[in-house]
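Undergrad: Just entry-v2.pdb, nothing more (PDB, C-alpha atoms, pLDDT in the B column):
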```pdb
ATOM      1  CA  MET A  16      13.140  15.780  -8.839  1.00 76.00           C
ATOM      2  CA  SER A  17      11.544  12.345  -9.029  1.00 89.00           C
ATOM      3  CA  LYS A  18       8.668  11.432  -6.719  1.00 93.00           C
ATOM      4  CA  ILE A  19       7.146   8.421  -5.046  1.00 94.00           C
ATOM      5  CA  PHE A  20       3.353   8.567  -5.267  1.00 96.00           C
ATOM      6  CA  TYR A  21       2.189   6.580  -2.254  1.00 96.00           C
ATOM      7  CA  ILE A  22      -1.274   4.975  -2.246  1.00 97.00           C
ATOM      8  CA  MET A  23      -2.747   4.159   1.152  1.00 97.00           C
ATOM      9  CA  GLY A  24      -6.093   3.763   2.842  1.00 96.00           C
ATOM     10  CA  LYS A  25      -8.155   1.459   4.958  1.00 95.00           C
ATOM     11  CA  SER A  26      -8.697  -2.094   3.750  1.00 91.00           C
ATOM     12  CA  SER A  27     -11.147  -2.609   0.871  1.00 93.00           C
ATOM     13  CA  THR A  28     -11.122   1.007  -0.310  1.00 95.00           C
ATOM     14  CA  GLY A  29      -9.969  -0.199  -3.736  1.00 93.00           C
ATOM     15  CA  LYS A  30      -6.259   0.593  -3.326  1.00 94.00           C
ATOM     16  CA  ASP A  31      -5.090  -2.470  -5.256  1.00 89.00           C
ATOM     17  CA  THR A  32      -7.456  -1.799  -8.155  1.00 93.00           C
ATOM     18  CA  ILE A  33      -6.428   1.854  -8.333  1.00 96.00           C
ATOM     19  CA  TYR A  34      -2.756   0.881  -8.121  1.00 93.00           C
ATOM     20  CA  LYS A  35      -3.112  -1.593 -11.005  1.00 91.00           C
ATOM     21  CA  ARG A  36      -5.113   0.807 -13.152  1.00 95.00           C
ATOM     22  CA  LEU A  37      -2.609   3.638 -12.660  1.00 96.00           C
ATOM     23  CA  LEU A  38       0.185   1.319 -13.763  1.00 93.00           C
ATOM     24  CA  GLU A  39      -1.772   0.042 -16.769  1.00 92.00           C
ATOM     25  CA  ASN A  40      -2.044   3.597 -18.105  1.00 89.00           C
ATOM     26  CA  LYS A  41       1.377   3.958 -19.735  1.00 88.00           C
ATOM     27  CA  GLU A  42       0.894   7.745 -20.007  1.00 88.00           C
ATOM     28  CA  ASN A  43       1.460   7.909 -16.239  1.00 87.00           C
ATOM     29  CA  GLU A  44       5.039   6.651 -16.743  1.00 90.00           C
ATOM     30  CA  LEU A  45       5.244   5.254 -13.221  1.00 93.00           C
ATOM     31  CA  LYS A  46       7.506   2.426 -12.094  1.00 91.00           C
ATOM     32  CA  THR A  47       6.687   0.234  -9.120  1.00 87.00           C
ATOM     33  CA  VAL A  48       8.355  -0.521  -5.845  1.00 84.00           C
ATOM     34  CA  THR A  49       7.010  -3.907  -4.882  1.00 86.00           C
ATOM     35  CA  MET A  50       6.973  -4.552  -1.154  1.00 87.00           C
ATOM     36  CA  TYR A  51       7.807  -7.833   0.526  1.00 94.00           C
ATOM     37  CA  THR A  52       5.746  -9.901   2.950  1.00 95.00           C
ATOM     38  CA  THR A  53       6.003 -13.095   4.953  1.00 96.00           C
ATOM     39  CA  ARG A  54       2.247 -13.657   4.806  1.00 93.00           C
ATOM     40  CA  PRO A  55       0.867 -16.446   2.610  1.00 90.00           C
ATOM     41  CA  ILE A  56      -0.098 -15.597  -0.928  1.00 90.00           C
ATOM     42  CA  ARG A  57      -3.862 -15.133  -1.498  1.00 84.00           C
ATOM     43  CA  GLU A  58      -5.957 -16.517  -4.320  1.00 83.00           C
ATOM     44  CA  GLY A  59      -5.325 -14.487  -7.471  1.00 86.00           C
ATOM     45  CA  GLU A  60      -2.071 -12.888  -6.263  1.00 89.00           C
ATOM     46  CA  ARG A  61       1.230 -13.373  -8.059  1.00 90.00           C
ATOM     47  CA  ASP A  62       4.687 -13.329  -6.523  1.00 93.00           C
ATOM     48  CA  GLY A  63       6.520 -10.180  -7.545  1.00 88.00           C
ATOM     49  CA  VAL A  64       3.332  -8.370  -8.537  1.00 84.00           C
ATOM     50  CA  GLU A  65       1.293  -7.588  -5.422  1.00 82.00           C
ATOM     51  CA  TYR A  66       4.239  -8.472  -3.145  1.00 88.00           C
ATOM     52  CA  PHE A  67       7.378 -10.549  -3.081  1.00 94.00           C
ATOM     53  CA  PHE A  68       6.315 -13.443  -0.847  1.00 97.00           C
ATOM     54  CA  VAL A  69       9.285 -14.564   1.244  1.00 96.00           C
ATOM     55  CA  ASP A  70       9.993 -16.590   4.353  1.00 95.00           C
ATOM     56  CA  GLU A  71      11.628 -15.499   7.617  1.00 95.00           C
ATOM     57  CA  ALA A  72      15.041 -16.761   6.488  1.00 96.00           C
ATOM     58  CA  ARG A  73      15.016 -14.449   3.449  1.00 96.00           C
ATOM     59  CA  LEU A  74      13.897 -11.537   5.636  1.00 96.00           C
ATOM     60  CA  ARG A  75      16.824 -12.145   8.036  1.00 96.00           C
ATOM     61  CA  GLU A  76      19.197 -12.313   5.065  1.00 97.00           C
ATOM     62  CA  LEU A  77      17.996  -8.932   3.742  1.00 96.00           C
ATOM     63  CA  GLU A  78      18.243  -7.416   7.235  1.00 95.00           C
ATOM     64  CA  ALA A  79      21.822  -8.685   7.588  1.00 96.00           C
ATOM     65  CA  GLN A  80      22.658  -7.008   4.269  1.00 95.00           C
ATOM     66  CA  GLY A  81      21.245  -3.684   5.553  1.00 93.00           C
ATOM     67  CA  ARG A  82      18.705  -3.511   2.724  1.00 93.00           C
ATOM     68  CA  ILE A  83      15.482  -3.097   4.752  1.00 94.00           C
ATOM     69  CA  ILE A  84      14.090   0.460   4.455  1.00 92.00           C
ATOM     70  CA  GLU A  85      11.076  -0.164   6.688  1.00 93.00           C
ATOM     71  CA  LEU A  86       9.514  -3.162   8.390  1.00 94.00           C
ATOM     72  CA  ARG A  87       6.118  -3.658  10.051  1.00 90.00           C
ATOM     73  CA  SER A  88       4.804  -6.654  11.959  1.00 91.00           C
ATOM     74  CA  TYR A  89       1.158  -7.579  12.485  1.00 85.00           C
ATOM     75  CA  HIS A  90      -0.222 -10.143  14.893  1.00 84.00           C
ATOM     76  CA  THR A  91      -2.962 -11.782  12.857  1.00 82.00           C
ATOM     77  CA  VAL A  92      -5.242 -14.681  13.672  1.00 78.00           C
ATOM     78  CA  HIS A  93      -2.817 -16.794  11.558  1.00 83.00           C
ATOM     79  CA  GLY A  94       0.280 -15.658  13.437  1.00 86.00           C
ATOM     80  CA  LEU A  95       2.866 -12.925  12.896  1.00 92.00           C
ATOM     81  CA  TRP A  96       2.985 -11.455   9.380  1.00 93.00           C
ATOM     82  CA  LYS A  97       5.661  -9.004   8.316  1.00 94.00           C
ATOM     83  CA  TYR A  98       5.574  -6.437   5.528  1.00 91.00           C
ATOM     84  CA  PHE A  99       8.656  -4.531   4.437  1.00 93.00           C
ATOM     85  CA  THR A 100      10.339  -2.424   1.776  1.00 92.00           C
ATOM     86  CA  VAL A 101      13.737  -3.367   0.401  1.00 92.00           C
ATOM     87  CA  LYS A 102      16.295  -1.048  -1.163  1.00 87.00           C
ATOM     88  CA  ASP A 103      17.375  -2.702  -4.394  1.00 78.00           C
ATOM     89  CA  GLU A 104      18.585  -1.968  -7.915  1.00 76.00           C
ATOM     90  CA  ARG A 105      15.034  -1.387  -9.187  1.00 75.00           C
ATOM     91  CA  LEU A 106      14.776   1.886  -7.233  1.00 78.00           C
ATOM     92  CA  ASP A 107      16.340   4.902  -9.022  1.00 78.00           C
ATOM     93  CA  LEU A 108      14.859   8.188  -7.783  1.00 80.00           C
ATOM     94  CA  GLU A 109      17.280  10.211  -9.866  1.00 81.00           C
ATOM     95  CA  ARG A 110      15.510   9.368 -13.121  1.00 85.00           C
ATOM     96  CA  GLN A 111      12.086   7.865 -12.449  1.00 90.00           C
ATOM     97  CA  ASP A 112       8.793   8.491 -10.648  1.00 92.00           C
ATOM     98  CA  TYR A 113       7.367   5.563  -8.695  1.00 93.00           C
ATOM     99  CA  LEU A 114       4.044   4.287  -7.445  1.00 94.00           C
ATOM    100  CA  MET A 115       3.896   2.467  -4.119  1.00 92.00           C
ATOM    101  CA  ILE A 116       1.094   1.086  -2.022  1.00 90.00           C
ATOM    102  CA  GLY A 117       1.116   0.633   1.733  1.00 87.00           C
ATOM    103  CA  THR A 118      -0.132   1.778   5.103  1.00 89.00           C
ATOM    104  CA  LEU A 119       0.033   5.105   6.893  1.00 94.00           C
ATOM    105  CA  GLU A 120       2.752   3.641   9.117  1.00 90.00           C
ATOM    106  CA  SER A 121       4.859   2.534   6.144  1.00 90.00           C
ATOM    107  CA  TYR A 122       4.294   5.916   4.462  1.00 94.00           C
ATOM    108  CA  GLY A 123       5.813   7.634   7.507  1.00 93.00           C
ATOM    109  CA  LYS A 124       8.847   5.356   7.489  1.00 91.00           C
ATOM    110  CA  ILE A 125       9.386   5.718   3.733  1.00 92.00           C
ATOM    111  CA  ARG A 126       9.055   9.511   4.074  1.00 93.00           C
ATOM    112  CA  GLY A 127      11.600   9.422   6.887  1.00 91.00           C
ATOM    113  CA  TYR A 128      14.014   7.474   4.690  1.00 90.00           C
ATOM    114  CA  PHE A 129      13.676   9.407   1.417  1.00 89.00           C
ATOM    115  CA  GLY A 130      12.486  12.799   2.699  1.00 90.00           C
ATOM    116  CA  GLY A 131       9.099  14.499   2.590  1.00 90.00           C
ATOM    117  CA  ASP A 132       9.838  16.313  -0.669  1.00 91.00           C
ATOM    118  CA  ARG A 133      10.067  12.958  -2.483  1.00 92.00           C
ATOM    119  CA  LEU A 134       6.789  11.432  -1.262  1.00 94.00           C
ATOM    120  CA  VAL A 135       3.298  12.384  -2.405  1.00 96.00           C
ATOM    121  CA  PRO A 136       0.498  10.733  -0.381  1.00 97.00           C
ATOM    122  CA  LEU A 137      -2.581   9.422  -2.191  1.00 98.00           C
ATOM    123  CA  LEU A 138      -5.119   8.584   0.523  1.00 98.00           C
ATOM    124  CA  ILE A 139      -8.019   6.501  -0.795  1.00 98.00           C
ATOM    125  CA  ALA A 140     -11.240   6.816   1.209  1.00 97.00           C
ATOM    126  CA  LEU A 141     -14.631   5.131   1.112  1.00 95.00           C
ATOM    127  CA  ASP A 142     -17.727   4.736   3.302  1.00 95.00           C
ATOM    128  CA  ASP A 143     -17.074   2.165   6.049  1.00 92.00           C
ATOM    129  CA  GLY A 144     -20.205   0.142   5.235  1.00 93.00           C
ATOM    130  CA  VAL A 145     -19.193  -0.186   1.583  1.00 94.00           C
ATOM    131  CA  ARG A 146     -15.676  -1.189   2.650  1.00 92.00           C
ATOM    132  CA  LEU A 147     -17.001  -3.891   4.947  1.00 91.00           C
ATOM    133  CA  GLN A 148     -19.209  -5.355   2.207  1.00 93.00           C
ATOM    134  CA  ARG A 149     -16.303  -5.344  -0.264  1.00 90.00           C
ATOM    135  CA  ALA A 150     -14.064  -7.077   2.280  1.00 88.00           C
ATOM    136  CA  LEU A 151     -16.727  -9.713   2.937  1.00 90.00           C
ATOM    137  CA  ASP A 152     -17.234 -10.323  -0.789  1.00 91.00           C
ATOM    138  CA  ARG A 153     -13.473 -10.690  -1.331  1.00 88.00           C
ATOM    139  CA  GLU A 154     -13.037 -13.044   1.629  1.00 87.00           C
ATOM    140  CA  LYS A 155     -15.790 -15.328   0.326  1.00 89.00           C
ATOM    141  CA  LEU A 156     -13.636 -15.947  -2.774  1.00 87.00           C
ATOM    142  CA  GLN A 157     -10.779 -17.455  -0.731  1.00 86.00           C
ATOM    143  CA  LYS A 158     -10.399 -21.246  -0.551  1.00 85.00           C
ATOM    144  CA  THR A 159     -10.612 -20.982   3.217  1.00 86.00           C
ATOM    145  CA  PRO A 160     -12.276 -17.705   4.195  1.00 88.00           C
ATOM    146  CA  CYS A 161     -11.079 -16.262   7.492  1.00 85.00           C
ATOM    147  CA  TYR A 162     -13.681 -13.844   8.727  1.00 89.00           C
ATOM    148  CA  ARG A 163     -11.873 -13.343  12.045  1.00 87.00           C
ATOM    149  CA  GLU A 164      -8.884 -11.867  10.179  1.00 84.00           C
ATOM    150  CA  LEU A 165     -11.210  -9.716   8.073  1.00 87.00           C
ATOM    151  CA  CYS A 166     -12.728  -8.309  11.279  1.00 88.00           C
ATOM    152  CA  ARG A 167      -9.319  -7.799  12.872  1.00 86.00           C
ATOM    153  CA  ARG A 168      -8.096  -5.806   9.837  1.00 86.00           C
ATOM    154  CA  TYR A 169     -11.284  -3.779   9.665  1.00 89.00           C
ATOM    155  CA  LEU A 170     -11.077  -2.785  13.342  1.00 89.00           C
ATOM    156  CA  ALA A 171      -7.321  -2.171  13.195  1.00 90.00           C
ATOM    157  CA  ASP A 172      -7.892   0.315  10.353  1.00 92.00           C
ATOM    158  CA  GLU A 173      -9.875   2.554  12.695  1.00 91.00           C
ATOM    159  CA  GLU A 174      -6.795   2.986  14.861  1.00 92.00           C
ATOM    160  CA  ASP A 175      -4.216   2.901  12.065  1.00 92.00           C
ATOM    161  CA  PHE A 176      -5.962   5.648  10.065  1.00 95.00           C
ATOM    162  CA  ALA A 177      -7.229   7.733  12.987  1.00 95.00           C
ATOM    163  CA  GLU A 178      -7.712  11.401  12.107  1.00 95.00           C
ATOM    164  CA  GLU A 179      -4.998  12.527  14.521  1.00 96.00           C
ATOM    165  CA  LYS A 180      -2.492  10.192  12.815  1.00 96.00           C
ATOM    166  CA  LEU A 181      -3.434  11.530   9.388  1.00 96.00           C
ATOM    167  CA  THR A 182      -3.029  15.089  10.675  1.00 95.00           C
ATOM    168  CA  GLU A 183       0.349  14.196  12.220  1.00 94.00           C
ATOM    169  CA  ALA A 184       1.497  12.839   8.859  1.00 95.00           C
ATOM    170  CA  GLY A 185       0.356  16.026   7.115  1.00 93.00           C
ATOM    171  CA  ILE A 186      -2.229  14.217   5.001  1.00 95.00           C
ATOM    172  CA  VAL A 187      -5.243  16.323   4.168  1.00 92.00           C
ATOM    173  CA  LYS A 188      -6.224  15.414   0.605  1.00 96.00           C
ATOM    174  CA  ARG A 189      -8.402  12.347   0.095  1.00 97.00           C
ATOM    175  CA  PHE A 190      -9.597  10.595  -3.018  1.00 98.00           C
ATOM    176  CA  TYR A 191     -13.079   9.097  -2.548  1.00 97.00           C
ATOM    177  CA  ASN A 192     -13.453   5.832  -4.431  1.00 97.00           C
ATOM    178  CA  ASP A 193     -17.246   5.736  -4.652  1.00 95.00           C
ATOM    179  CA  ASP A 194     -16.852   5.965  -8.458  1.00 96.00           C
ATOM    180  CA  LEU A 195     -13.688   4.254  -9.693  1.00 96.00           C
ATOM    181  CA  GLU A 196     -13.382   6.043 -13.048  1.00 97.00           C
ATOM    182  CA  ARG A 197     -13.871   9.501 -11.517  1.00 98.00           C
ATOM    183  CA  CYS A 198     -11.466   8.665  -8.703  1.00 98.00           C
ATOM    184  CA  LEU A 199      -8.799   7.537 -11.181  1.00 97.00           C
ATOM    185  CA  LEU A 200      -9.148  10.730 -13.231  1.00 97.00           C
ATOM    186  CA  GLU A 201      -8.749  12.848 -10.086  1.00 98.00           C
ATOM    187  CA  ILE A 202      -5.660  10.920  -8.998  1.00 98.00           C
ATOM    188  CA  GLU A 203      -4.057  11.093 -12.447  1.00 97.00           C
ATOM    189  CA  ALA A 204      -4.636  14.848 -12.627  1.00 97.00           C
ATOM    190  CA  TYR A 205      -3.166  15.229  -9.134  1.00 97.00           C
ATOM    191  CA  ILE A 206      -0.084  13.183 -10.062  1.00 96.00           C
ATOM    192  CA  LYS A 207       0.501  15.391 -13.125  1.00 95.00           C
ATOM    193  CA  SER A 208       0.189  18.535 -11.005  1.00 94.00           C
ATOM    194  CA  ARG A 209       2.785  17.284  -8.485  1.00 93.00           C
ATOM    195  CA  ARG A 210       5.524  16.361 -10.966  1.00 86.00           C
TER     196      ARG A 210
END
```
Let's see the structure in the file written out as C-alpha cells.

TA:
Amino acid sequence: MSKIFYIMGKSSTGKDTIYKRLLENKENELKTVTMYTTRPIREGERDGVEYFFVDEARLRELEAQGRIIELRSYHTVHGLWKYFTVKDERLDLERQDYLMIGTLESYGKIRGYFGGDRLVPLLIALDDGVRLQRALDREKLQKTPCYRELCRRYLADEEDFAEEKLTEAGIVKRFYNDDLERCLLEIEAYIKSRR
C-alpha cells in the first residue's frame, strides 16, 4: 500500500530544506503533493514548487468543484492567508508514495481524508533559540522584512505544536535537525522501514 510521508514542524526547523533534499535523492522514489496558498510568493519561491500561489477566485472555483481536501486560514499581519490541499490527477495512491509538507492541523485533516494507515508523520524538531535565529536570518533576506509576522508565526507554533496536540495526533517520533546530514539519513532510513 502506498504512503504519504508528511513533513511537519514549527517554523524554521528546516522543513523546506529537508523536503527538497529528500526529493532530490531519486533513490527515495517519492512524488510530491504541492499545496496551494493565497499568500504572496516570497523571494526565492517558485509557483508550483513550494506552493501553487492562487487568488481567492481560484480557491472558490476549486471549492465549487469539490476538489478541496483540507483548508486552513490564518490571520496574519498582512491579512487572511489560506493554505489548502487539492485532489487532482497528480495524486495516485494506488501506485506511488508521496512526500508532503504542512502543519499538524493539515496532517490531521489529510489523515482524516486518506486514513491513518496511509500517512506517516515526519516531525522535524529543533531548539527554539536556533529556530528564532534562522527565522530572523531568513526574514532579513526579504525585500520588505516583516518582523511582526515572524513573531506571530513563532508564537503561534507554540500553540499549534503543543505537546497535547502531538499526543492527540499519535505523533511520538521526532527528527532533530541540529545536523542536517544526520537528520536526512535518519529520515531516509525511517521512510524505507515504513514502506

Undergrad: Got a sec to resolve the PyMOL selection byres ((chain A and resi 205) around 12) on this structure and send the residues as a list in words?

TA: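 For this structure, the PyMOL selection byres ((chain A and resi 205) around 12) captures Phe20, Asn43, Val135, Pro136, Leu137, Leu138, Lys188, Arg189, Phe190, Cys198, Leu199, Leu200, Glu201, Ile202, Glu203, Ala204, Ile206, Lys207, Ser208, Arg209 and Arg210 of chain A.
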
Undergrad: Compile the contact shell of stretch 24-39 of chain A as an NGL selection string: residues with an atom at most 9 Å away, counting only C-alpha atoms, same-chain residues fewer than 6 positions apart removed.

TA: :A and (45-47 or 65 or 114-119 or 137-143 or 145-150 or 153 or 168-169 or 172-173 or 175-176 or 191-193 or 195 or 198-199 or 202-203)

Undergrad: Here's the selection I'm unsure about, the PyMOL selection byres ((chain A and resi 18) around 6); applied to the file above, which residues does it give, as a list in words?

TA: Ser17, Ile19, Asp112, Arg133 and Leu134 of chain A

Undergrad: Would you put the residues from that selection into a file with C-alpha atoms, as a CSV table (one decimal), in the frame of the given file?

TA:
```
chain,number,residue,atom,x,y,z
A,17,SER,CA,11.5,12.3,-9.0
A,19,ILE,CA,7.1,8.4,-5.0
A,112,ASP,CA,8.8,8.5,-10.6
A,133,ARG,CA,10.1,13.0,-2.5
A,134,LEU,CA,6.8,11.4,-1.3
```

Undergrad: Show which residues sit within 10 Å of A:Lys97, as a list of chain:residue names. Count only C-alpha atoms, and ignore same-chain residues fewer than 6 positions away.

TA: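 These residues fall inside the cut-off: A:Tyr51, A:Thr52, A:Thr53, A:Arg54, A:Val69, A:Asp70, A:Glu71, A:Leu74, A:Leu86, A:Arg87, A:Ser88, A:Tyr89, A:His90.
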
Undergrad: Have a look at A:Ile125, A:Met50, A:Ala72, A:Ala177 and name the one nearest to A:Phe99; count all atoms listed in the file.

TA: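 Among the listed residues, the smallest separation from A:Phe99 belongs to A:Met50.
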
Undergrad: Could you work out how far atom CA of A:Arg61 lies from atom CA of A:Tyr113, giving the answer in Å with one decimal?

TA: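 Atom-to-atom, atom CA of A:Tyr113 and atom CA of A:Arg61 are spaced 19.9 Å apart.
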
Undergrad: Pick from A:Gln111, A:Asp103, A:Ala79, A:Glu164: nearest to A:Thr91, with only C-alpha atoms counted?

TA: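 Between A:Gln111, A:Asp103, A:Ala79, A:Glu164, the residue approaching A:Thr91 most closely is A:Glu164.
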
Undergrad: Would you mind telling me which residue in A:Arg167, A:Lys180, A:Lys124, A:Arg110 lies nearest to A:Tyr21 when using all atoms listed in the file?

TA: A:Lys124

Undergrad: At what distance in Å, to one decimal, does atom CA of A:Ala184 lie from atom CA of A:Met23?

TA: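 Atom CA of A:Ala184 lies 12.4 Å from atom CA of A:Met23.
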
Undergrad: In Å, how far is it from atom CA of A:Gly131 to atom CA of A:Ile186?

TA: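 So the answer is 11.6 Å.
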
Undergrad: Would you mind telling me which residue in A:Glu42, A:Asp62, A:Glu85, A:Glu109 lies nearest to A:Ser121 when using only C-alpha atoms?

TA: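 So, comparing all the options, the nearest one is A:Glu85.
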
Undergrad: Between A:Gln157, A:His93, A:Tyr66, A:Thr100, single out the one closest to A:Gly81, counting all atoms listed in the file.

TA: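 Under the stated criterion, the closest residue is A:Thr100.
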
Undergrad: Output stretch 104-135 of chain A as a PDB file, in the coordinates of the input, making sure N, CA and C atoms are there.

TA:
```pdb
ATOM      1  N   GLU A 104      18.173  -2.605  -6.661  1.00 76.00           N
ATOM      2  CA  GLU A 104      18.585  -1.968  -7.915  1.00 76.00           C
ATOM      3  C   GLU A 104      17.411  -1.444  -8.737  1.00 76.00           C
ATOM      4  N   ARG A 105      16.197  -1.859  -8.430  1.00 75.00           N
ATOM      5  CA  ARG A 105      15.034  -1.387  -9.187  1.00 75.00           C
ATOM      6  C   ARG A 105      14.623   0.037  -8.811  1.00 75.00           C
ATOM      7  N   LEU A 106      15.178   0.573  -7.739  1.00 78.00           N
ATOM      8  CA  LEU A 106      14.776   1.886  -7.233  1.00 78.00           C
ATOM      9  C   LEU A 106      15.810   2.947  -7.611  1.00 78.00           C
ATOM     10  N   ASP A 107      15.445   3.845  -8.545  1.00 78.00           N
ATOM     11  CA  ASP A 107      16.340   4.902  -9.022  1.00 78.00           C
ATOM     12  C   ASP A 107      15.583   6.232  -9.036  1.00 78.00           C
ATOM     13  N   LEU A 108      15.602   6.931  -7.919  1.00 80.00           N
ATOM     14  CA  LEU A 108      14.859   8.188  -7.783  1.00 80.00           C
ATOM     15  C   LEU A 108      15.519   9.358  -8.501  1.00 80.00           C
ATOM     16  N   GLU A 109      16.637   9.136  -9.104  1.00 81.00           N
ATOM     17  CA  GLU A 109      17.280  10.211  -9.866  1.00 81.00           C
ATOM     18  C   GLU A 109      16.624  10.383 -11.233  1.00 81.00           C
ATOM     19  N   ARG A 110      16.026   9.300 -11.750  1.00 85.00           N
ATOM     20  CA  ARG A 110      15.510   9.368 -13.121  1.00 85.00           C
ATOM     21  C   ARG A 110      14.068   8.951 -13.303  1.00 85.00           C
ATOM     22  N   GLN A 111      13.392   8.483 -12.249  1.00 90.00           N
ATOM     23  CA  GLN A 111      12.086   7.865 -12.449  1.00 90.00           C
ATOM     24  C   GLN A 111      11.134   8.192 -11.305  1.00 90.00           C
ATOM     25  N   ASP A 112       9.848   8.384 -11.653  1.00 92.00           N
ATOM     26  CA  ASP A 112       8.793   8.491 -10.648  1.00 92.00           C
ATOM     27  C   ASP A 112       8.254   7.087 -10.370  1.00 92.00           C
ATOM     28  N   TYR A 113       7.822   6.885  -9.120  1.00 93.00           N
ATOM     29  CA  TYR A 113       7.367   5.563  -8.695  1.00 93.00           C
ATOM     30  C   TYR A 113       5.975   5.629  -8.099  1.00 93.00           C
ATOM     31  N   LEU A 114       5.328   4.465  -8.097  1.00 94.00           N
ATOM     32  CA  LEU A 114       4.044   4.287  -7.445  1.00 94.00           C
ATOM     33  C   LEU A 114       4.213   3.170  -6.433  1.00 94.00           C
ATOM     34  N   MET A 115       3.834   3.466  -5.183  1.00 92.00           N
ATOM     35  CA  MET A 115       3.896   2.467  -4.119  1.00 92.00           C
ATOM     36  C   MET A 115       2.530   2.376  -3.465  1.00 92.00           C
ATOM     37  N   ILE A 116       2.334   1.283  -2.762  1.00 90.00           N
ATOM     38  CA  ILE A 116       1.094   1.086  -2.022  1.00 90.00           C
ATOM     39  C   ILE A 116       1.459   0.558  -0.643  1.00 90.00           C
ATOM     40  N   GLY A 117       0.794   1.075   0.382  1.00 87.00           N
ATOM     41  CA  GLY A 117       1.116   0.633   1.733  1.00 87.00           C
ATOM     42  C   GLY A 117       0.172   1.221   2.763  1.00 87.00           C
ATOM     43  N   THR A 118       0.657   1.285   3.980  1.00 89.00           N
ATOM     44  CA  THR A 118      -0.132   1.778   5.103  1.00 89.00           C
ATOM     45  C   THR A 118       0.353   3.173   5.498  1.00 89.00           C
ATOM     46  N   LEU A 119      -0.389   3.809   6.374  1.00 94.00           N
ATOM     47  CA  LEU A 119       0.033   5.105   6.893  1.00 94.00           C
ATOM     48  C   LEU A 119       1.352   4.964   7.638  1.00 94.00           C
ATOM     49  N   GLU A 120       1.502   3.887   8.388  1.00 90.00           N
ATOM     50  CA  GLU A 120       2.752   3.641   9.117  1.00 90.00           C
ATOM     51  C   GLU A 120       3.935   3.505   8.154  1.00 90.00           C
ATOM     52  N   SER A 121       3.761   2.714   7.091  1.00 90.00           N
ATOM     53  CA  SER A 121       4.859   2.534   6.144  1.00 90.00           C
ATOM     54  C   SER A 121       5.148   3.836   5.394  1.00 90.00           C
ATOM     55  N   TYR A 122       4.104   4.617   5.102  1.00 94.00           N
ATOM     56  CA  TYR A 122       4.294   5.916   4.462  1.00 94.00           C
ATOM     57  C   TYR A 122       5.228   6.788   5.313  1.00 94.00           C
ATOM     58  N   GLY A 123       4.974   6.824   6.622  1.00 93.00           N
ATOM     59  CA  GLY A 123       5.813   7.634   7.507  1.00 93.00           C
ATOM     60  C   GLY A 123       7.256   7.183   7.502  1.00 93.00           C
ATOM     61  N   LYS A 124       7.482   5.878   7.493  1.00 91.00           N
ATOM     62  CA  LYS A 124       8.847   5.356   7.489  1.00 91.00           C
ATOM     63  C   LYS A 124       9.545   5.608   6.156  1.00 91.00           C
ATOM     64  N   ILE A 125       8.815   5.445   5.059  1.00 92.00           N
ATOM     65  CA  ILE A 125       9.386   5.718   3.733  1.00 92.00           C
ATOM     66  C   ILE A 125       9.713   7.207   3.610  1.00 92.00           C
ATOM     67  N   ARG A 126       8.816   8.056   4.094  1.00 93.00           N
ATOM     68  CA  ARG A 126       9.055   9.511   4.074  1.00 93.00           C
ATOM     69  C   ARG A 126      10.281   9.850   4.913  1.00 93.00           C
ATOM     70  N   GLY A 127      10.428   9.203   6.057  1.00 91.00           N
ATOM     71  CA  GLY A 127      11.600   9.422   6.887  1.00 91.00           C
ATOM     72  C   GLY A 127      12.887   9.010   6.196  1.00 91.00           C
ATOM     73  N   TYR A 128      12.828   7.985   5.394  1.00 90.00           N
ATOM     74  CA  TYR A 128      14.014   7.474   4.690  1.00 90.00           C
ATOM     75  C   TYR A 128      14.386   8.351   3.497  1.00 90.00           C
ATOM     76  N   PHE A 129      13.395   8.681   2.653  1.00 89.00           N
ATOM     77  CA  PHE A 129      13.676   9.407   1.417  1.00 89.00           C
ATOM     78  C   PHE A 129      13.501  10.923   1.537  1.00 89.00           C
ATOM     79  N   GLY A 130      12.749  11.370   2.545  1.00 90.00           N
ATOM     80  CA  GLY A 130      12.486  12.799   2.699  1.00 90.00           C
ATOM     81  C   GLY A 130      11.087  13.151   2.208  1.00 90.00           C
ATOM     82  N   GLY A 131      10.464  14.107   2.894  1.00 90.00           N
ATOM     83  CA  GLY A 131       9.099  14.499   2.590  1.00 90.00           C
ATOM     84  C   GLY A 131       8.911  15.102   1.219  1.00 90.00           C
ATOM     85  N   ASP A 132       9.961  15.708   0.656  1.00 91.00           N
ATOM     86  CA  ASP A 132       9.838  16.313  -0.669  1.00 91.00           C
ATOM     87  C   ASP A 132       9.752  15.264  -1.773  1.00 91.00           C
ATOM     88  N   ARG A 133      10.107  14.034  -1.490  1.00 92.00           N
ATOM     89  CA  ARG A 133      10.067  12.958  -2.483  1.00 92.00           C
ATOM     90  C   ARG A 133       8.751  12.189  -2.488  1.00 92.00           C
ATOM     91  N   LEU A 134       8.006  12.234  -1.380  1.00 94.00           N
ATOM     92  CA  LEU A 134       6.789  11.432  -1.262  1.00 94.00           C
ATOM     93  C   LEU A 134       5.528  12.268  -1.418  1.00 94.00           C
ATOM     94  N   VAL A 135       4.599  11.742  -2.204  1.00 96.00           N
ATOM     95  CA  VAL A 135       3.298  12.384  -2.405  1.00 96.00           C
ATOM     96  C   VAL A 135       2.226  11.380  -1.968  1.00 96.00           C
TER      97      VAL A 135
END
```
